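> Next up is a structure, given as structure tokens.
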Amino acid sequence: MPTILHNAVLATMRGGYSLIDRGALVIEGGRILWAGPEAELSATGERHDLGGRLVTPALIDCHTHVVFGGERAREFEMRLNGASYEEVARAGGGIVSTVAATRAASEDDLVAQALPRVDRMLAEGVGTVEIKSGYGLDVETELRMLRAARRIASARGITVRTSFLGAHAVPPEYKGRADDYIAEQVLPALRAAADEGLVDAVDGFCEGIAFSPTQIERVFAEAKALGLPVKLHAEQLSNLGGAALAARYGALSADHLEYLDEAGVGAMAKAGSVAVILPGAFYTLRETQAPPIELFRKARVPMAVATDCNPGSAPMTSLTLAMNMACTFFRMTPEEALMGATAHAARALGLTDRGAIAPGLVADLAVWEAAHPAELSYRIGATPLHTRIIGGRFDA
């Protein structure tokens, strides 16, 4: 029997809010059968009166590092007390500490540590999460991280998309030998993960403190040979041409992008790549260079918004807070921010079956204690979620 949701404000997110003020939905078999004005509803089924509440697609967090071992709160305190990055590193902090803790964690440990973070995301209306590897930096641990990510999907009944991020940083044992690290660890790990069906996309970090465009291209060439799409952390701290490189490989997205120039924006527009905006890292690192939002608008590059949840530069799980930050720091509009957490986030993950309210799409929905979608970006630390509906089923 179909499920009917009525007496709702629908933000269908088909090219913008596309509001239906007194709307209704018909759901069957986990999919949306019909959506429109309640006055035009003709179907019969189990009815749910939503009391005039706002309904949007369930949110999509399209860039996270939510699987990792340990924590780095002490490092945060050290930095605020004046310690330099080098001093933090000498004390065992930085990514080295996360790598050590992740390598020491079992698959069960990684799942157990990640689930509370994921639960906080779900409590904010999220129905799909992207999870990256990248804190193992060796074949065994990268695979363990990806297996843990896959288990989260079944443990919480959500959609998880995995990104292989072996080219995230050079581990201590390969210091000064980045090319050897790619040859001996990254590429073998990628092949093994692909063979095991653990990879949905391949990512990298193209930056002076990480990998050069030439080194990233070796990873992308392997991804292409394996038939896997790519995405890239690019132009976060400087402009090395990473986004343009990603665009040449038809990247799903390029992410961060604070230092991207007009030529890079043009390359992304031509390739159809999504710009993933990550204000949490901008905030934590106290950056001052904002991504080129107006250039993205002019070039019609779709902008997604994500938490970048990670233990170092973005220890946040609130996607609605990321939306607020995108509006406050970068002057994105609330409509752009919500598009960035729904339709454009889906595109950044290569998903065509979600991110909007339309017939045929997955019935992943969020019902909010709100009357207008601007409220989702307006509130700070008070997400007005009423309930989630995943695959047509209400949260317990």
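Note on naming: chains are A, B, ... as they come in the structure tokens, residues start from 1 per chain, ligands start from 1 in the order shown.
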With only C-alpha atoms as the counted atoms, please give the residues lying no more than 8 Å from Pro37 of chain A, apart from itself and same-chain residues fewer than 3 positions off, as number ranges by chain.

A: 20-24, 40-41

> For segment 23-109 of chain A against segment 129-136 of chain A, with a cut-off of 12 Å and counting only C-alpha atoms, what is the closest atom pair and its distance in Å to one decimal for every residue that makes the cut, ordered by chain and number, as a tab-separated table?


```
residue	atom	partner	partner_atom	distance
A:Ala58	CA	A:Val129	CA	10.8
A:Leu59	CA	A:Val129	CA	8.9
A:Ile60	CA	A:Val129	CA	6.0
A:Asp61	CA	A:Val129	CA	4.9
A:Cys62	CA	A:Glu130	CA	4.9
A:His63	CA	A:Glu130	CA	5.6
A:Thr64	CA	A:Ile131	CA	5.2
A:His65	CA	A:Lys132	CA	5.1
A:Val66	CA	A:Ile131	CA	6.2
A:Val67	CA	A:Ile131	CA	7.0
A:Phe68	CA	A:Tyr135	CA	6.6
A:Gly69	CA	A:Tyr135	CA	8.4
A:Gly70	CA	A:Tyr135	CA	10.9
A:Gly94	CA	A:Tyr135	CA	11.3
A:Ile95	CA	A:Tyr135	CA	7.7
A:Val96	CA	A:Tyr135	CA	8.7
A:Ser97	CA	A:Tyr135	CA	9.6
A:Thr98	CA	A:Tyr135	CA	6.5
A:Val99	CA	A:Tyr135	CA	4.9
A:Ala100	CA	A:Gly136	CA	8.0
A:Ala101	CA	A:Tyr135	CA	8.9
A:Thr102	CA	A:Gly136	CA	6.2
A:Arg103	CA	A:Gly136	CA	5.8
A:Ala104	CA	A:Gly136	CA	9.5
A:Ala105	CA	A:Gly136	CA	10.1
A:Ser106	CA	A:Gly136	CA	11.6
A:Glu107	CA	A:Gly136	CA	11.8
```

> Skipping near chain neighbours, those fewer than 5 positions away, what residues fall within 8 Å of Val111 of chain A using only C-alpha atoms, listed as a ChimeraX atom specification?

/A:67,148-149,151-152

> Write the residues you've just listed into a file as a compact mmCIF listing (two decimals), in the first residue's frame, and include N, CA and C atoms for each of them.


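Output (result_10.txt):
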```txt
# COMPACT_ATOMS: atom_id res chain seq x y z
N VAL A 67 35.74 8.14 9.36
CA VAL A 67 36.37 6.94 9.92
C VAL A 67 37.84 7.24 10.21
N ALA A 148 35.44 -0.72 7.06
CA ALA A 148 34.67 -0.11 8.15
C ALA A 148 33.60 0.83 7.60
N ALA A 149 33.96 1.60 6.60
CA ALA A 149 32.99 2.52 6.00
C ALA A 149 31.80 1.76 5.40
N ARG A 151 30.65 -1.05 6.39
CA ARG A 151 29.84 -1.60 7.50
C ARG A 151 28.92 -0.54 8.10
N ILE A 152 29.32 0.71 8.06
CA ILE A 152 28.48 1.77 8.61
C ILE A 152 27.15 1.85 7.86
```

> I'd like to know which of A:Glu207, A:Leu54, A:Gly127, A:Leu226 is closest to Arg393 of chain A, using only C-alpha atoms.

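When distances to Arg393 of chain A are compared using only C-alpha atoms, the smallest one comes from A:Gly127.
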
> Write out as a list in words the residues lying within 12 Å of Gly208 of chain A, counting only C-alpha atoms and excluding same-chain residues fewer than 6 positions away.

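With the cut-off at 12 Å, the set is His168, Ala169, Val170, Ala178, Gln215, His233, Ala234, Glu235, Gln236, Leu237, Ser238, Asn239, Leu240, Gly241 and Gly242 of chain A.
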
> Between A:Gly391, A:Gly125, A:Pro291, A:Gly350, which residue has the minimum interatomic distance to Arg161 of chain A, considering only C-alpha atoms?

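Once distances to Arg161 of chain A are computed over only C-alpha atoms, the minimum belongs to A:Gly350.
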
> Using the chain letters and numbers from this document, which residues of segment 22-247 of chain A does DSSP assign to strand (DSSP E or B), as a ChimeraX atom specification?

/A:22-28,31-37,46-49,54-57,59-61,126-132,159-167,201-206,211,230-234

> Atom CA of Gly381 of chain A and atom CA of Pro279 of chain A, how far apart in Å?

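Computing the Euclidean distance for atom CA of Pro279 of chain A and atom CA of Gly381 of chain A yields 15.2 Å.
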
> Can you work out which one of A:Leu110, A:Ala83, A:Ala167, A:Ala326 has the shortest atom-to-atom distance to Val219 of chain A, counting only C-alpha atoms?

A:Ala167

> Do you know which residues are at most 7 Å from segment 313-322 of chain A counting only C-alpha atoms, after dropping those on the same chain fewer than 4 positions away, and could you put them as number ranges by chain?

A: 61, 117, 120-121, 124, 279-281, 284-285, 305-309, 326, 376-377, 380-381, 383

> Work out how far apart atom CA of Gly355 of chain A and atom CA of Ser154 of chain A are and give it in Å to one decimal.

20.5 Å

> What is the atom CA of Gln289 of chain A to atom CA of Gly250 of chain A distance in Å?

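Distance reported for this atom pair: 26.1 Å.
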
> So that I can check the surroundings of segment 186-201 of chain A, please list as an MDAnalysis selection string every protein, DNA and RNA residue that reaches within 6 Å of it, counting only C-alpha atoms and ignoring chain neighbours fewer than 6 positions away.

chainID A and resid 139 162:163 166 228:230

> I need the residue nearest Gly15 of chain A from this list: A:Pro171, A:Pro302, A:Gly45, A:Gly266. Use only C-alpha atoms for the distance.

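The answer is A:Pro302, which sits nearest to Gly15 of chain A.
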
> Sorted by chain and rising residue number, which residues of segment 83-167 of chain A lie within 12 Å of segment 362-369 of chain A, and what are their closest atom pairs and distances in Å to one decimal, counting only C-alpha atoms, as CSV?


```
residue,atom,partner,partner_atom,distance
A:Leu122,CA,A:Ala366,CA,10.0
A:Ala123,CA,A:Ala366,CA,10.1
A:Glu124,CA,A:Ala366,CA,8.7
A:Gly125,CA,A:Ala366,CA,5.4
A:Val126,CA,A:Ala366,CA,7.8
A:Gly127,CA,A:Asp364,CA,6.5
A:Thr128,CA,A:Asp364,CA,8.8
A:Gly157,CA,A:Asp364,CA,11.3
A:Ile158,CA,A:Asp364,CA,9.3
A:Thr159,CA,A:Asp364,CA,9.9
```

> At a cut-off of 8 Å, using only C-alpha atoms, what residues contact Arg354 of chain A? Leave out same-chain residues fewer than 3 positions from it and give the result as a ChimeraX atom specification.

/A:57,342-343,346,351,357,361-364

> Write down as a VMD selection string the residues belonging to segment 19-113 of chain A that are assigned helix (DSSP H, G or I) by DSSP computed on the backbone.

chain A and resid 38 to 40 73 to 80 85 to 90 95 to 104 107 to 113

> So, with only C-alpha atoms as the atoms that count, which of A:Ala73, A:Met325, A:Ala304, A:Met332 lies closest to Ala348 of chain A?

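Nearest candidate to Ala348 of chain A out of A:Ala73, A:Met325, A:Ala304, A:Met332: A:Ala304.
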
> Out of A:Phe76, A:Tyr378, A:Phe329, A:Tyr249, which residue has the shortest atom-to-atom distance to Glu287 of chain A when counting only C-alpha atoms?

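Ranked by minimum distance to Glu287 of chain A, first place goes to A:Phe329.
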